[in-house]
Each structure stands twice: as C-alpha cells, then as structure tokens.
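One structure is given here, and the rest of the page talks about it.
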Amino acid sequence: MSTSSVDLSVTVTGIRLKNPVLAASGTVGYGVEFAELVDLNQLGGVVVKGLSAQPLEGLPAPRLCETPAGMLNAVGLQNIGVRRFIAEKLPALRQYDTAIIANVFGGTTEEYVEVIEELNGAEGVAAYELNVSSPNARRGGMHFGADPELLREVVSAARQAARRPLWVKLTPNVGDIRQFARIAEQAGADALSLINTLKAMAVDLATRRSKLGHLTGGLSGPAIKPVALRMVWEAAQAVSIPVVGVGGITRGTDALEFLVVGAQAVQVGTANFVEPSAAARIIAEIRNYCEINGIKSLQGIIGTLQTS
C-alpha cells in the first residue's frame, strides 16, 4: 500500500494534531465507549462528553428526535462528574495516540473553575473546551455565552485557573458572533470552537406535545452547516486566535469548506450517531481530495476563501 504524500497535520494552541478532524463533545461519550467502533488512533482528537463538578442526571426522555436534515437533542448534560471521569475513563484514554480535549461546564463560574482545577492534576488531557452554553444558576438561567458580561467573567476565571490551553465553545444563539468571539479572546481564550447547537423545537401533532421530554432542544446536523460556516468565517475574521469549526459536517468536502473559511480544525458530531466511523471516513476523504488536487499541506487550504 502506498504512503500518502499529503501532510494533514495541523497545530492548534500548540497541540499538534495528526489531522484536523476531532470527534465533537457529547457524540462519542467519554471516548472509550467508541473505541470498539472506530480506531481512535486515526482521529486528530476526541472532545469528551461535558464534565461538571458533580454528577448530573440530565433531562427526562425522550432526549433525541430526528428532524429534516438534522437532529434535536435535550440530554441536559448528563455526566458522571469530573472526579469519576479522571478515575474511571481517563486512564483508558491515555493509551490512544490522539489529543484528548476535556469539555467543561458549570452552573456558576466557581463550578467551571472547580472542574478545571480537578483536571489540572490529571495526566492525559491536552486542552480544555469551555461550554459556555450552560445556564448560570445565579442569573435566572441566563446562558454564559449569550451575555457579554457573563462570558467575560467565566472565560477570565477559567483562564486564570487552567494550566492547559483553553478553547471556548461559543453558542450561535446570539445577535453578532463577532462580538462574543472578541470578548472570549480578550478574556483569555486560546482558541474558539463554534458553533454549538441552535435552540429549536419539534412538535408531535397527534399529542400536541414536544417530541422531546424537554420543551426545546438543540438542533444539530447538516441543517445547521450554512449557519456554522458563516459564523466560523465571521469569528475567524474577528480574532487572531485559532478557530475550530463545528456544525453539520458529514463529508470530507464539508470539513474542507470550514478550513477554507478560516477554521484550523473541525469537529464531527451528529454524523457519529448515524455512522460511528464517520470521522475516520471524513479524514480519508480529505486526504483523497488533497491527493487528487495536488495539495501537499492543509496550509494551502486554510483561510483561502475568495471574497471578491
């Protein structure tokens, strides 16, 4: 078998990824659950399921429902808590040759800091991804990522606590993503991930009720890709730190489009539910595209959008 001459490696916040494709948080569990379905060593990285200071049970079922060209989820950030993750999941993850990114959230700024401080002493984590779509318990449920003051507060506190690179995952449920991208950068973010899910709902006409156990959920999948592309491009133009693109990536060409608009890497999410090996296939498709088109390095693609 011939060896490809294409260099798919990228470096994000000092972390060298063998390729630009990561599994998105919440779509491959804690990573180890997917190890029997896909070779994690093939991936550029794995972003684990969101971790909180204490275990959370999440929202009532049903938690998922299919929509045209997408999926709604209302899982409610169910997780085993950061301490059990460190003790029970992280040791197995260390054996894989892939970057492990810990997704972090909390109901207060102090809870975000608590999770990060626990992870600081754990071996095998490359970076933290701050999920700022979490509602602030002290502000009547206002989401950190949708309020400039709260965003600045939580990113600044997390940056002071973190001993590893800090990625901030922005919500698309705001008026101007560029404003929030700049605030995150100014507060100390080392990179941005975007977008998170779009707030949405689905109704069962027969019962006149939500198709989810919770009234609303987050829309993901191919339906949100055009929105994600636009926001990634806007954010990449607004900041000088790396941007990681997320939203509706199901093929290698989707991932390449995100790189063209300025993303340094991408995350594959909803596609993992349909096809557990989707990320590995997408990597192969990126390599094949580059080989066919004579592209030796992804640096020849990243940020090459023509606007005139």
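Residue names in the structure tokens use chain letters A, B, ... in the order shown, residue numbers from 1 in each chain, and ligand numbers from 1 in the order shown.
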
Which residues come within 9 Å of Val227 in chain A, counting only C-alpha atoms, excluding same-chain residues fewer than 5 positions away, as a PDB file with C-alpha atoms, in the first residue's frame?
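In the end it all went to selection_3.pdb:
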```pdb
ATOM      1  CA  PRO A 172     -24.833  30.577  17.896  1.00  0.00           C
ATOM      2  CA  ILE A 195     -20.919  26.556  16.701  1.00  0.00           C
ATOM      3  CA  VAL A 232     -16.876  30.458  11.661  1.00  0.00           C
ATOM      4  CA  GLY A 247     -21.750  22.056  12.661  1.00  0.00           C
TER       5      GLY A 247
END
```

Exercise. For Thr171 in chain A, list every protein, DNA or RNA residue within 9 Å, evaluated using only C-alpha atoms, and leave out those in the same chain fewer than 4 positions away; present the list as an NGL selection string.
Key: :A and (131-133 or 145-146 or 177 or 194-198)

Quiz item: Excluding same-chain residues fewer than 4 positions from range 268-275 of chain A, what lies within 8 Å of it counting only C-alpha atoms, as a count of residues only?
Solution: 18

Quiz item: Counting only C-alpha atoms, which of A:Gly58, A:Ala74, A:Gly294, A:Asn103 gets nearest to Ser210 in chain A?
Solution: A:Ala74

All strand (DSSP E) positions in range 134-267 of chain A, as a CSV table (one decimal) with N, CA and C atoms, in the first residue's frame:
```csv
chain,number,residue,atom,x,y,z
A,166,LEU,N,-6.9,26.8,26.6
A,166,LEU,CA,-8.4,26.9,26.9
A,166,LEU,C,-9.1,27.3,25.6
A,167,TRP,N,-9.9,26.3,25.1
A,167,TRP,CA,-10.8,26.6,24.0
A,167,TRP,C,-12.2,27.0,24.5
A,168,VAL,N,-12.8,27.9,23.9
A,168,VAL,CA,-14.1,28.3,24.3
A,168,VAL,C,-15.1,28.0,23.2
A,169,LYS,N,-16.1,27.2,23.5
A,169,LYS,CA,-17.2,26.8,22.5
A,169,LYS,C,-18.3,27.8,22.6
A,191,ALA,N,-8.3,29.5,22.0
A,191,ALA,CA,-8.9,29.1,20.7
A,191,ALA,C,-10.5,29.2,20.9
A,192,LEU,N,-11.2,29.2,19.8
A,192,LEU,CA,-12.6,29.2,19.8
A,192,LEU,C,-13.1,27.9,19.1
A,193,SER,N,-14.2,27.3,19.6
A,193,SER,CA,-14.9,26.3,18.9
A,193,SER,C,-16.3,26.8,18.6
A,194,LEU,N,-16.8,26.7,17.4
A,194,LEU,CA,-18.1,27.1,17.1
A,194,LEU,C,-18.6,26.4,15.8
A,198,LEU,N,-28.2,25.1,17.7
A,198,LEU,CA,-29.2,26.1,17.6
A,198,LEU,C,-30.5,25.7,18.4
A,199,LYS,N,-31.0,26.7,19.2
A,199,LYS,CA,-32.2,26.4,20.0
A,199,LYS,C,-33.4,26.2,19.1
A,200,ALA,N,-34.1,25.1,19.3
A,200,ALA,CA,-35.1,24.7,18.4
A,200,ALA,C,-36.1,23.8,19.1
A,203,VAL,N,-42.7,19.3,17.3
A,203,VAL,CA,-44.0,19.1,17.9
A,203,VAL,C,-44.6,17.8,17.3
A,204,ASP,N,-45.2,17.0,18.2
A,204,ASP,CA,-46.0,15.9,17.8
A,204,ASP,C,-47.4,16.3,17.6
A,209,ARG,N,-47.8,17.8,21.8
A,209,ARG,CA,-46.7,18.0,22.8
A,209,ARG,C,-45.3,18.0,22.1
A,210,SER,N,-44.3,18.4,22.8
A,210,SER,CA,-43.0,18.4,22.3
A,210,SER,C,-42.6,16.9,22.0
A,217,GLY,N,-34.9,21.9,22.5
A,217,GLY,CA,-33.7,21.2,22.4
A,217,GLY,C,-32.7,22.0,21.5
A,218,GLY,N,-31.6,21.3,21.2
A,218,GLY,CA,-30.6,21.9,20.4
A,218,GLY,C,-30.5,21.2,19.0
A,219,LEU,N,-30.6,22.0,18.0
A,219,LEU,CA,-30.6,21.5,16.6
A,219,LEU,C,-29.1,21.3,16.1
A,220,SER,N,-28.8,20.2,15.6
A,220,SER,CA,-27.5,19.9,15.0
A,220,SER,C,-27.7,19.2,13.7
A,243,VAL,N,-9.6,29.1,15.3
A,243,VAL,CA,-11.0,28.7,15.3
A,243,VAL,C,-11.1,27.3,14.9
A,244,VAL,N,-12.0,26.5,15.6
A,244,VAL,CA,-12.3,25.1,15.3
A,244,VAL,C,-13.7,25.1,14.9
A,245,GLY,N,-14.0,24.6,13.7
A,245,GLY,CA,-15.3,24.7,13.1
A,245,GLY,C,-16.2,23.4,13.5
A,246,VAL,N,-17.4,23.7,13.8
A,246,VAL,CA,-18.3,22.6,14.2
A,246,VAL,C,-19.7,22.9,13.6
A,265,ALA,N,-9.2,23.6,12.4
A,265,ALA,CA,-9.5,22.2,12.6
A,265,ALA,C,-11.1,22.1,12.6
A,266,VAL,N,-11.6,20.9,12.7
A,266,VAL,CA,-13.1,20.8,12.7
A,266,VAL,C,-13.4,19.7,13.7
A,267,GLN,N,-14.7,19.7,14.1
A,267,GLN,CA,-15.2,18.6,14.9
A,267,GLN,C,-16.4,18.0,14.2
```

Write out as a PDB file with C-alpha atoms, in the first residue's frame which residues come within 12 Å of Leu150 in chain A when counting only C-alpha atoms, dropping same-chain ones fewer than 3 positions away.
```
ATOM      1  CA  GLY A 107     -23.907  26.362  36.734  1.00  0.00           C
ATOM      2  CA  THR A 108     -21.679  29.050  38.225  1.00  0.00           C
ATOM      3  CA  THR A 109     -18.260  30.466  37.438  1.00  0.00           C
ATOM      4  CA  VAL A 132     -20.496  28.480  27.655  1.00  0.00           C
ATOM      5  CA  SER A 133     -23.969  27.414  26.523  1.00  0.00           C
ATOM      6  CA  SER A 134     -24.600  26.328  30.108  1.00  0.00           C
ATOM      7  CA  PRO A 135     -27.223  28.397  32.035  1.00  0.00           C
ATOM      8  CA  ASN A 136     -25.979  30.407  35.004  1.00  0.00           C
ATOM      9  CA  ALA A 137     -27.847  29.302  38.124  1.00  0.00           C
ATOM     10  CA  ARG A 138     -27.417  32.693  39.800  1.00  0.00           C
ATOM     11  CA  ARG A 139     -28.736  34.750  36.911  1.00  0.00           C
ATOM     12  CA  GLY A 141     -30.868  30.678  33.787  1.00  0.00           C
ATOM     13  CA  MET A 142     -29.143  33.244  31.577  1.00  0.00           C
ATOM     14  CA  HIS A 143     -26.612  31.404  29.426  1.00  0.00           C
ATOM     15  CA  PHE A 144     -22.986  32.377  29.938  1.00  0.00           C
ATOM     16  CA  GLY A 145     -22.315  32.522  26.206  1.00  0.00           C
ATOM     17  CA  ALA A 146     -25.285  34.777  25.410  1.00  0.00           C
ATOM     18  CA  ASP A 147     -24.377  37.531  27.888  1.00  0.00           C
ATOM     19  CA  GLU A 153     -16.329  36.589  33.674  1.00  0.00           C
ATOM     20  CA  VAL A 154     -16.267  32.837  33.132  1.00  0.00           C
ATOM     21  CA  VAL A 155     -13.547  32.826  30.457  1.00  0.00           C
ATOM     22  CA  SER A 156     -11.318  35.077  32.563  1.00  0.00           C
ATOM     23  CA  ALA A 157     -11.745  32.884  35.644  1.00  0.00           C
ATOM     24  CA  PHE A 180     -18.661  37.292  21.535  1.00  0.00           C
ATOM     25  CA  ILE A 183     -14.821  39.056  24.204  1.00  0.00           C
ATOM     26  CA  ALA A 184     -13.674  35.452  24.613  1.00  0.00           C
ATOM     27  CA  ALA A 187     -10.754  37.366  28.362  1.00  0.00           C
TER      28      ALA A 187
END
```

Quiz item: Quick one: residues within 12 Å of range 3-8 of chain A, only C-alpha atoms counted, chain neighbours fewer than 6 positions away excluded, as number ranges by chain?
Solution: A: 16-21, 42-44, 256, 259, 264-265, 283-302
